[in-house]
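Coordinates as given in target30.csv (CSV, C-alpha atoms):
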```csv
chain,number,residue,atom,x,y,z
A,1,MET,CA,27.3,134.6,56.2
A,2,SER,CA,24.5,136.5,54.5
A,3,LYS,CA,24.3,133.8,51.9
A,4,THR,CA,23.5,131.2,54.5
A,5,ASN,CA,20.9,133.5,56.0
A,6,THR,CA,19.0,133.8,52.8
A,7,THR,CA,19.1,130.3,51.4
A,8,ALA,CA,18.5,127.9,54.3
A,9,PRO,CA,15.1,129.1,55.5
A,10,GLN,CA,13.7,129.4,52.0
A,11,ARG,CA,14.5,125.8,51.2
A,12,SER,CA,12.7,124.4,54.2
A,13,ILE,CA,9.7,126.6,53.5
A,14,SER,CA,9.3,125.4,50.0
A,15,LEU,CA,9.4,121.8,51.1
A,16,ASP,CA,6.6,122.4,53.5
A,17,VAL,CA,4.5,124.2,50.9
A,18,TYR,CA,5.0,121.5,48.3
A,19,ALA,CA,4.1,118.8,50.8
A,20,VAL,CA,0.9,120.7,51.8
A,21,ALA,CA,0.1,121.3,48.1
A,22,LEU,CA,0.5,117.6,47.3
A,23,ALA,CA,-1.7,116.6,50.3
A,24,LEU,CA,-4.4,119.0,49.4
A,25,ILE,CA,-4.4,117.9,45.7
A,26,LEU,CA,-4.7,114.3,46.8
A,27,ALA,CA,-7.5,115.2,49.2
A,28,LEU,CA,-9.4,116.9,46.4
A,29,LEU,CA,-8.9,114.0,44.1
A,30,VAL,CA,-10.3,111.7,46.7
A,31,ARG,CA,-13.2,114.0,47.4
A,32,LEU,CA,-14.1,114.1,43.7
A,33,ASN,CA,-13.8,110.3,43.5
A,34,LEU,CA,-11.1,110.7,40.8
A,35,VAL,CA,-8.9,108.1,42.5
A,36,PRO,CA,-10.0,104.6,43.5
A,37,PRO,CA,-10.4,103.8,47.2
A,38,VAL,CA,-6.9,103.6,48.8
A,39,LYS,CA,-6.3,100.4,50.7
A,40,TRP,CA,-3.7,99.7,53.4
B,1,MET,CA,13.9,132.8,20.7
B,2,ALA,CA,16.2,133.1,23.7
B,3,THR,CA,13.1,132.9,26.0
B,4,ILE,CA,12.0,129.7,24.3
B,5,ALA,CA,15.5,128.2,24.7
B,6,ASN,CA,15.5,129.2,28.3
B,7,THR,CA,12.2,127.6,29.0
B,8,GLN,CA,13.3,124.5,27.3
B,9,ALA,CA,16.5,124.4,29.3
B,10,GLN,CA,14.5,124.9,32.6
B,11,GLY,CA,12.1,122.2,31.6
B,12,GLU,CA,15.0,119.8,30.9
B,13,THR,CA,16.6,120.7,34.3
B,14,LEU,CA,13.3,120.1,36.1
B,15,GLY,CA,12.9,116.8,34.2
B,16,ARG,CA,16.4,115.8,35.2
B,17,ARG,CA,15.8,116.7,38.8
B,18,LEU,CA,12.6,114.7,39.0
B,19,ALA,CA,14.3,111.7,37.2
B,20,ALA,CA,17.1,111.9,39.8
B,21,LEU,CA,14.5,111.3,42.6
B,22,ILE,CA,13.2,108.1,41.1
B,23,PRO,CA,15.8,105.5,42.2
B,24,GLY,CA,15.7,106.7,45.8
B,25,LEU,CA,11.9,106.8,45.9
B,26,LEU,CA,11.8,103.3,44.6
B,27,LEU,CA,14.3,102.3,47.4
B,28,LEU,CA,12.1,104.0,50.0
B,29,ALA,CA,9.0,102.2,48.7
B,30,ALA,CA,10.9,98.8,48.5
B,31,VAL,CA,12.2,99.1,52.1
B,32,GLY,CA,8.9,100.3,53.5
B,33,TYR,CA,6.9,97.7,51.7
B,34,ALA,CA,9.4,95.0,52.8
B,35,GLY,CA,8.7,96.1,56.4
B,36,LYS,CA,4.9,95.8,55.8
B,37,PHE,CA,5.3,92.5,54.1
B,38,ILE,CA,7.3,91.0,57.0
B,39,GLU,CA,4.8,92.2,59.5
B,40,GLN,CA,1.9,90.7,57.5
B,41,SER,CA,3.8,87.4,56.9
B,42,ILE,CA,4.6,86.9,60.5
B,43,ALA,CA,1.0,87.7,61.5
B,44,ALA,CA,-0.4,85.2,58.9
B,45,TYR,CA,2.1,82.5,60.0
B,46,THR,CA,1.4,82.8,63.7
B,47,LYS,CA,-2.4,82.8,63.0
B,48,ALA,CA,-2.2,79.7,60.7
B,49,HIS,CA,0.0,77.8,63.2
B,50,HIS,CA,-1.7,79.1,66.4
B,51,ALA,CA,1.8,80.3,67.5
B,52,THR,CA,2.4,83.2,69.8
B,53,PHE,CA,4.8,85.8,68.6
B,54,PRO,CA,4.8,89.5,69.6
B,55,ASN,CA,3.3,91.7,66.9
B,56,ILE,CA,6.2,93.8,65.6
B,57,GLU,CA,4.9,96.7,63.6
B,58,TYR,CA,6.1,97.3,60.0
B,59,VAL,CA,7.6,100.6,61.3
B,60,LEU,CA,10.3,98.8,63.2
B,61,TRP,CA,11.0,96.4,60.3
B,62,ALA,CA,11.3,99.2,57.8
B,63,ILE,CA,13.7,101.2,60.1
B,64,VAL,CA,15.8,98.1,60.8
B,65,ILE,CA,16.1,97.1,57.1
B,66,GLY,CA,17.0,100.7,56.3
B,67,LEU,CA,19.6,100.8,59.1
B,68,ILE,CA,21.1,97.5,57.9
B,69,ILE,CA,21.5,98.8,54.3
B,70,ALA,CA,22.8,102.2,55.4
B,71,ASN,CA,25.4,100.7,57.8
B,72,THR,CA,26.6,97.7,55.8
B,73,THR,CA,26.7,98.3,52.0
B,74,GLY,CA,25.8,102.0,52.4
B,75,VAL,CA,23.3,103.9,50.3
B,76,PRO,CA,24.7,104.3,46.8
B,77,ARG,CA,24.9,107.9,45.6
B,78,ILE,CA,22.3,107.3,42.9
B,79,PHE,CA,19.6,106.7,45.6
B,80,GLU,CA,20.6,109.6,47.9
B,81,THR,CA,18.4,112.4,46.3
B,82,GLY,CA,15.3,110.3,46.4
B,83,VAL,CA,15.9,109.0,49.9
B,84,ALA,CA,16.3,112.6,51.1
B,85,THR,CA,12.6,113.2,50.3
B,86,TYR,CA,11.5,111.2,53.3
B,87,GLU,CA,10.8,114.5,55.2
B,88,PHE,CA,8.6,115.6,52.4
B,89,TRP,CA,6.5,112.5,52.7
B,90,LEU,CA,6.4,112.9,56.5
B,91,LYS,CA,4.9,116.4,56.1
B,92,ALA,CA,2.4,115.3,53.4
B,93,GLY,CA,1.5,112.4,55.7
B,94,ILE,CA,0.9,114.7,58.6
B,95,VAL,CA,-1.4,116.9,56.6
B,96,LEU,CA,-3.4,113.9,55.4
B,97,LEU,CA,-3.5,112.6,59.0
B,98,GLY,CA,-5.7,115.6,59.7
B,99,ALA,CA,-8.6,113.5,58.2
B,100,ARG,CA,-8.4,111.3,61.3
B,101,PHE,CA,-9.0,114.1,63.7
B,102,LEU,CA,-12.1,116.1,64.5
B,103,LEU,CA,-11.2,119.7,65.0
B,104,GLY,CA,-12.6,119.6,68.6
B,105,ASP,CA,-10.1,116.8,69.5
B,106,VAL,CA,-7.3,118.7,67.9
B,107,LEU,CA,-8.2,121.8,70.0
B,108,HIS,CA,-8.6,119.7,73.2
B,109,LEU,CA,-5.5,117.6,72.9
B,110,GLY,CA,-3.6,120.4,71.1
B,111,GLY,CA,-4.5,122.8,74.0
B,112,ILE,CA,-3.2,120.3,76.6
B,113,SER,CA,-0.1,119.7,74.5
B,114,LEU,CA,0.5,123.4,74.1
B,115,LEU,CA,0.4,123.9,77.9
B,116,LEU,CA,2.7,121.0,78.5
B,117,VAL,CA,5.0,122.0,75.7
B,118,ALA,CA,5.3,125.6,77.1
B,119,ILE,CA,6.3,124.2,80.5
B,120,ALA,CA,8.6,121.6,79.1
B,121,VAL,CA,10.3,123.9,76.6
B,122,SER,CA,11.1,126.6,79.2
B,123,LEU,CA,12.4,124.1,81.8
B,124,SER,CA,14.4,122.1,79.3
B,125,LEU,CA,16.0,125.2,77.6
B,126,THR,CA,17.2,126.4,81.0
B,127,PHE,CA,18.5,122.9,81.9
B,128,MET,CA,20.4,122.6,78.6
B,129,HIS,CA,22.1,125.9,79.1
B,130,VAL,CA,23.2,125.0,82.6
B,131,LEU,CA,24.5,121.6,81.3
B,132,GLY,CA,26.3,123.2,78.3
B,133,ARG,CA,28.1,125.5,80.7
B,134,ALA,CA,29.0,122.6,83.0
B,135,PHE,CA,30.5,120.7,80.0
B,136,THR,CA,32.2,123.9,78.7
B,137,LEU,CA,30.5,123.6,75.3
B,138,LYS,CA,30.6,126.7,73.0
B,139,PRO,CA,27.5,128.9,73.9
B,140,LYS,CA,26.1,128.7,70.3
B,141,LEU,CA,26.5,124.9,70.2
B,142,THR,CA,24.6,124.8,73.5
B,143,SER,CA,21.9,127.1,72.0
B,144,LEU,CA,21.5,124.7,69.0
B,145,LEU,CA,21.4,121.6,71.2
B,146,ALA,CA,18.8,123.3,73.5
B,147,VAL,CA,16.6,124.3,70.5
B,148,GLY,CA,17.0,120.8,68.9
B,149,SER,CA,16.2,118.9,72.1
B,150,SER,CA,13.4,121.1,73.4
B,151,ILE,CA,11.5,122.0,70.2
B,152,CYS,CA,11.9,119.8,67.1
B,153,GLY,CA,15.2,118.3,66.4
B,154,VAL,CA,17.0,118.8,63.1
B,155,SER,CA,14.4,121.3,61.6
B,156,ALA,CA,14.8,123.5,64.6
B,157,ILE,CA,18.6,123.4,64.4
B,158,ILE,CA,18.5,124.2,60.7
B,159,ALA,CA,16.0,127.1,61.4
B,160,ALA,CA,18.1,128.4,64.3
B,161,LYS,CA,21.5,128.2,62.7
B,162,PRO,CA,21.3,131.2,60.3
B,163,ALA,CA,19.3,133.2,62.8
B,164,ILE,CA,22.0,133.0,65.4
B,165,ASP,CA,24.9,132.9,63.0
B,166,ALA,CA,26.2,129.6,64.3
B,167,ASP,CA,29.1,127.7,62.7
B,168,ASP,CA,28.5,124.8,60.3
B,169,GLU,CA,30.6,122.7,62.6
B,170,ASP,CA,28.4,123.5,65.6
B,171,ALA,CA,25.2,122.7,63.6
B,172,SER,CA,26.6,119.4,62.4
B,173,TYR,CA,27.6,118.4,66.0
B,174,ALA,CA,24.1,119.3,67.3
B,175,ILE,CA,22.4,117.5,64.4
B,176,ALA,CA,24.5,114.4,64.9
B,177,ALA,CA,23.8,114.3,68.6
B,178,ILE,CA,20.1,114.8,68.1
B,179,LEU,CA,19.9,112.1,65.4
B,180,ALA,CA,21.8,109.6,67.5
B,181,LEU,CA,19.5,110.3,70.5
B,182,GLY,CA,16.5,110.1,68.2
B,183,ALA,CA,17.6,106.6,67.0
B,184,ILE,CA,18.0,105.5,70.6
B,185,SER,CA,14.6,106.8,71.7
B,186,LEU,CA,13.0,104.8,68.8
B,187,PHE,CA,13.9,101.6,70.7
B,188,THR,CA,13.7,102.8,74.3
B,189,PHE,CA,10.4,104.7,74.4
B,190,PRO,CA,8.1,101.8,73.4
B,191,LEU,CA,9.8,99.6,76.0
B,192,ILE,CA,9.4,102.1,78.8
B,193,GLY,CA,5.8,102.8,77.7
B,194,HIS,CA,4.9,99.2,77.9
B,195,SER,CA,6.6,98.6,81.2
B,196,LEU,CA,4.8,101.6,82.7
B,197,HIS,CA,1.5,100.4,81.1
B,198,LEU,CA,0.8,103.8,79.7
B,199,SER,CA,-2.5,104.3,77.8
B,200,ASP,CA,-2.3,105.0,74.0
B,201,LYS,CA,-3.1,108.6,74.7
B,202,ALA,CA,-0.6,109.1,77.5
B,203,TYR,CA,2.2,107.4,75.6
B,204,GLY,CA,1.4,109.2,72.4
B,205,LEU,CA,1.5,112.6,74.2
B,206,TRP,CA,4.7,111.7,76.0
B,207,THR,CA,6.4,110.7,72.7
B,208,GLY,CA,5.2,113.8,70.9
B,209,LEU,CA,6.5,116.0,73.8
B,210,ALA,CA,9.8,114.2,74.4
B,211,VAL,CA,11.2,112.7,71.1
B,212,ASP,CA,13.0,115.4,69.1
B,213,ASN,CA,12.7,114.7,65.4
B,214,THR,CA,9.2,114.6,63.9
B,215,ALA,CA,10.0,111.5,61.9
B,216,GLU,CA,11.3,109.6,65.0
B,217,ALA,CA,8.4,110.9,67.2
B,218,THR,CA,5.9,109.6,64.6
B,219,ALA,CA,7.7,106.3,64.4
B,220,ALA,CA,8.1,105.9,68.2
B,221,GLY,CA,4.4,106.6,68.5
B,222,ALA,CA,3.4,104.2,65.8
B,223,LEU,CA,5.6,101.5,67.3
B,224,TYR,CA,3.4,101.5,70.3
B,225,SER,CA,0.0,101.5,68.6
B,226,ASP,CA,-1.9,103.2,65.8
B,227,ALA,CA,-3.8,105.3,68.2
B,228,ALA,CA,-0.6,106.3,70.1
B,229,GLY,CA,1.0,107.3,66.8
B,230,LYS,CA,-1.9,109.6,66.0
B,231,VAL,CA,-1.6,111.4,69.3
B,232,ALA,CA,2.2,111.5,69.0
B,233,VAL,CA,1.9,113.3,65.7
B,234,LEU,CA,-0.6,115.8,67.1
B,235,ALA,CA,1.5,116.6,70.2
B,236,LYS,CA,4.7,116.9,68.0
B,237,THR,CA,2.9,119.1,65.5
B,238,THR,CA,1.9,121.4,68.4
B,239,ARG,CA,5.6,121.5,69.5
B,240,ASN,CA,6.7,122.3,66.0
B,241,ALA,CA,4.3,125.2,65.8
B,242,LEU,CA,6.4,126.9,68.5
B,243,ILE,CA,9.6,126.7,66.6
B,244,GLY,CA,9.4,130.3,65.3
B,245,PHE,CA,8.9,131.8,68.8
B,246,VAL,CA,11.9,130.0,70.3
B,247,VAL,CA,14.2,130.7,67.3
B,248,LEU,CA,13.1,134.4,67.4
B,249,ALA,CA,14.0,134.6,71.1
B,250,TYR,CA,17.4,133.2,70.4
B,251,ALA,CA,18.0,135.4,67.4
B,252,LEU,CA,17.1,138.5,69.5
B,253,TYR,CA,19.4,137.3,72.3
B,254,TRP,CA,22.4,136.7,70.1
B,255,SER,CA,21.9,139.9,68.1
B,256,SER,CA,21.6,141.9,71.3
B,257,ARG,CA,25.1,140.6,72.1
B,258,GLY,CA,26.3,141.7,68.6
B,259,GLU,CA,26.9,138.1,67.6
B,260,ALA,CA,24.1,137.7,65.1
B,261,GLN,CA,22.3,139.9,62.5
B,262,ALA,CA,19.5,142.1,63.9
B,263,VAL,CA,16.0,140.8,63.3
B,264,GLY,CA,14.0,143.1,61.1
B,265,ASN,CA,10.3,142.5,60.9
B,266,LYS,CA,9.4,140.1,63.7
B,267,ALA,CA,6.0,139.0,62.2
B,268,ALA,CA,7.7,138.2,58.9
B,269,PHE,CA,10.4,136.2,60.8
B,270,LEU,CA,7.8,134.2,62.7
B,271,TRP,CA,5.9,133.4,59.5
B,272,ARG,CA,9.1,132.4,57.7
B,273,LYS,CA,10.0,129.9,60.5
B,274,PHE,CA,6.4,128.7,61.0
B,275,PRO,CA,6.0,125.1,59.7
B,276,LYS,CA,3.3,125.4,57.1
B,277,PHE,CA,2.3,121.8,57.2
B,278,VAL,CA,0.6,122.6,60.6
B,279,LEU,CA,-1.9,124.8,58.7
B,280,GLY,CA,-2.5,122.0,56.1
B,281,PHE,CA,-3.2,119.6,58.9
B,282,LEU,CA,-5.7,122.0,60.6
B,283,LEU,CA,-7.4,122.6,57.2
B,284,ILE,CA,-7.9,118.9,56.5
B,285,SER,CA,-9.1,118.3,60.0
B,286,LEU,CA,-11.6,121.2,59.6
B,287,LEU,CA,-12.8,119.8,56.3
B,288,ALA,CA,-13.2,116.3,58.0
B,289,THR,CA,-15.1,117.9,60.9
B,290,ILE,CA,-17.7,119.8,58.7
B,291,GLY,CA,-18.4,116.6,56.7
B,292,PHE,CA,-16.7,117.6,53.5
B,293,PHE,CA,-15.5,114.0,53.0
B,294,THR,CA,-17.6,110.8,53.2
B,295,LYS,CA,-16.6,108.0,55.5
B,296,PRO,CA,-15.0,105.9,52.8
B,297,GLN,CA,-13.1,109.0,51.6
B,298,LEU,CA,-11.8,109.7,55.1
B,299,THR,CA,-10.6,106.1,55.2
B,300,SER,CA,-8.8,106.6,51.8
B,301,LEU,CA,-7.1,109.8,53.2
B,302,ALA,CA,-6.0,108.0,56.4
B,303,ASN,CA,-4.5,105.2,54.3
B,304,LEU,CA,-2.7,107.7,52.0
B,305,SER,CA,-1.2,109.2,55.2
B,306,ARG,CA,-0.1,105.7,56.2
B,307,TRP,CA,1.6,105.1,52.8
B,308,ALA,CA,3.4,108.5,53.1
B,309,PHE,CA,4.6,107.5,56.6
B,310,LEU,CA,5.8,104.1,55.2
B,311,LEU,CA,8.2,106.0,53.0
B,312,THR,CA,9.2,108.2,55.9
B,313,PHE,CA,10.1,105.3,58.2
B,314,ALA,CA,12.2,103.7,55.5
B,315,GLY,CA,14.0,107.0,55.1
B,316,VAL,CA,14.7,107.2,58.8
B,317,GLY,CA,16.7,104.0,58.7
B,318,LEU,CA,18.4,104.7,55.4
B,319,ARG,CA,19.6,108.1,56.5
B,320,THR,CA,21.0,107.0,59.9
B,321,ASN,CA,24.7,106.3,59.6
B,322,LEU,CA,25.8,105.0,63.0
B,323,ARG,CA,29.6,105.3,62.2
B,324,GLU,CA,29.2,109.0,61.2
B,325,LEU,CA,27.2,109.7,64.4
B,326,GLY,CA,30.0,108.1,66.5
B,327,LYS,CA,32.6,110.4,65.0
B,328,GLN,CA,31.2,113.6,66.4
B,329,GLY,CA,32.8,113.6,69.8
B,330,TRP,CA,31.4,112.7,73.2
B,331,ARG,CA,30.7,116.0,74.8
B,332,PRO,CA,27.8,117.3,72.6
B,333,PHE,CA,26.4,113.8,72.7
B,334,ALA,CA,26.7,113.7,76.5
B,335,VAL,CA,25.0,117.0,76.9
B,336,GLY,CA,22.3,116.0,74.5
B,337,ALA,CA,21.8,112.6,76.2
B,338,ILE,CA,21.6,114.0,79.8
B,339,GLY,CA,19.3,116.7,78.5
B,340,GLU,CA,17.1,114.1,76.7
B,341,VAL,CA,16.8,112.0,79.9
B,342,PHE,CA,15.8,115.1,81.8
B,343,ILE,CA,13.2,116.0,79.1
B,344,ALA,CA,11.9,112.5,79.0
B,345,LEU,CA,11.4,112.4,82.8
B,346,LEU,CA,10.0,115.9,82.9
B,347,THR,CA,7.5,115.3,80.1
B,348,LEU,CA,6.5,111.9,81.6
B,349,GLY,CA,5.7,113.6,84.9
B,350,LEU,CA,3.7,116.3,83.0
B,351,VAL,CA,1.8,113.6,81.1
B,352,TYR,CA,1.0,111.8,84.4
B,353,GLY,CA,-0.1,115.1,85.9
B,354,ALA,CA,-2.3,115.9,82.8
B,355,SER,CA,-3.9,112.4,83.0
B,356,HIS,CA,-5.0,113.2,86.6
B,357,TYR,CA,-5.9,116.9,86.4
B,358,LEU,CA,-6.8,117.7,82.8
B,359,ASN,CA,-9.0,114.9,81.8
B,360,LEU,CA,-6.6,113.6,79.2
```

Reformat the file's structure so that it appears as structure tokens.
Amino acid sequence: MSKTNTTAPQRSISLDVYAVALALILALLVRLNLVPPVKW
Amino acid sequence: MATIANTQAQGETLGRRLAALIPGLLLLAAVGYAGKFIEQSIAAYTKAHHATFPNIEYVLWAIVIGLIIANTTGVPRIFETGVATYEFWLKAGIVLLGARFLLGDVLHLGGISLLLVAIAVSLSLTFMHVLGRAFTLKPKLTSLLAVGSSICGVSAIIAAKPAIDADDEDASYAIAAILALGAISLFTFPLIGHSLHLSDKAYGLWTGLAVDNTAEATAAGALYSDAAGKVAVLAKTTRNALIGFVVLAYALYWSSRGEAQAVGNKAAFLWRKFPKFVLGFLLISLLATIGFFTKPQLTSLANLSRWAFLLTFAGVGLRTNLRELGKQGWRPFAVGAIGEVFIALLTLGLVYGASHYLNL
């Protein structure tokens, strides 16, 4: 029981944090013109 | 010496974990891109031959291709780890989508969403509990279904499960019911929206308020139009932001009955459950508002967000196993389905009301 309590929330938090970190790094690279314009 | 060996072993494990993601990521990209390719090919064909054919967005093609693979050949195990990253791309895509919003719009639409979410959540939670009792579902299963259908689908159920000490079986029932209903709403919401001639803003708001999973809400919005997809994400993000408060209320309720662990520090609990990508979205929106990015850079960020969503939509199809969903028994599904219809009607009424009285 206690094992479930400690593991489940932490896993979802780290996914969020990694996603935010990746998005911010990409935004910074775009801002510094270190990546070519992204087309759709 | 031992430390160096440990570091090397950790590096190898990390390398192996990253390598395990590659096949699934390639599958997500292939399915998503196939959807985009089909949309563009049909558009080019109809334009060249002056034919009329309804524009079916890449979103639907990607989901349908994914559904076909998942429910015919199945997704081989080698792809599973990478395919499971679709939620990661969804969250990164939402943060990047912040570039398409001025903070003022976020506050205006977010404020309206917050008001509507508060009304919808309190009414739908009450309704779900009455329904759960009528169908003699276990109280904790009802709690999970209520949280899943009123707040944000699978993430809310996963967040609530340990907080209220629910069984694994209850959680998988609730998740299956919410996923099945999410798949149905993908196809029904755009049809209803078109038949009611809803504006992009009204439809996006309705989808964001009514569809449970963030991935499905984003897809159902994008299936209507690009503008509707944008509003749907904002409304859904507002709803997600409330997850901590609702889960905290349930945790306090069940612990007061001695059926869940006591909640220690409430602020820490709220922070733990708070979806951090909401903060990332607000930060990018703030940076876009103060002119930190040039116009071409904003376009690049918006396109990066679209590419991230493309992977997400492919994952939605690939992760939906219709046979598995059918195995979960009819009662949780019936409670979820009736609850969903209630929430869809309630939120539609709220959106109509907001259009008239709140300058939507």

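Counting from atom CA of B:Val316, the distance to atom CA of B:Lys230 is 18.3 Å.
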
Exercise. Please identify all polymer residues within 12 Å of B:Ala174, counting all atoms listed in the file, omitting same-chain residues fewer than 6 positions from it, and present them as a PyMOL selection string.
Key: chain B and resi 132+137-138+140-149+153-158+160-161+166-168+180-182+212+325+328-337

Practice problem: Provide the atom CA of B:Ser41 to atom CA of B:Val64 distance in Å, to one decimal place. | Solution: 16.5 Å

Quiz item: A:Leu15: which residues within 9 Å, counting all atoms listed in the file, same-chain residues fewer than 5 positions away excluded, as a count of residues only?
Solution: 5

Practice problem: Enter the distance from atom CA of B:Lys273 to atom CA of B:Ala251, in Å, rounded to one decimal. | Solution: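 One can read the atom CA of B:Lys273 to atom CA of B:Ala251 distance as 11.9 Å.
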
Using all atoms listed in the file, what table do you get, as CSV, when you list each residue of chain A with an atom no more than 6 Å from chain B, its nearest pair of atoms, and their distance in Å rounded to one decimal, rows by chain then rising number?
```
residue,atom,partner,partner_atom,distance
A:Asn5,CA,B:Pro162,CA,4.9
A:Asp16,CA,B:Phe277,CA,5.7
A:Ala19,CA,B:Ala92,CA,4.7
A:Val20,CA,B:Gly280,CA,5.6
A:Ala23,CA,B:Ala92,CA,5.3
A:Pro37,CA,B:Ser300,CA,5.6
A:Val38,CA,B:Ser300,CA,4.6
A:Trp40,CA,B:Asn303,CA,5.6
```

Quiz prompt | Spatial neighbours of B:Ser355, max dist 10 Å, only C-alpha atoms, sep filter under 5 positions, as number ranges by chain | solution = B: 199, 201-202, 349-350, 360
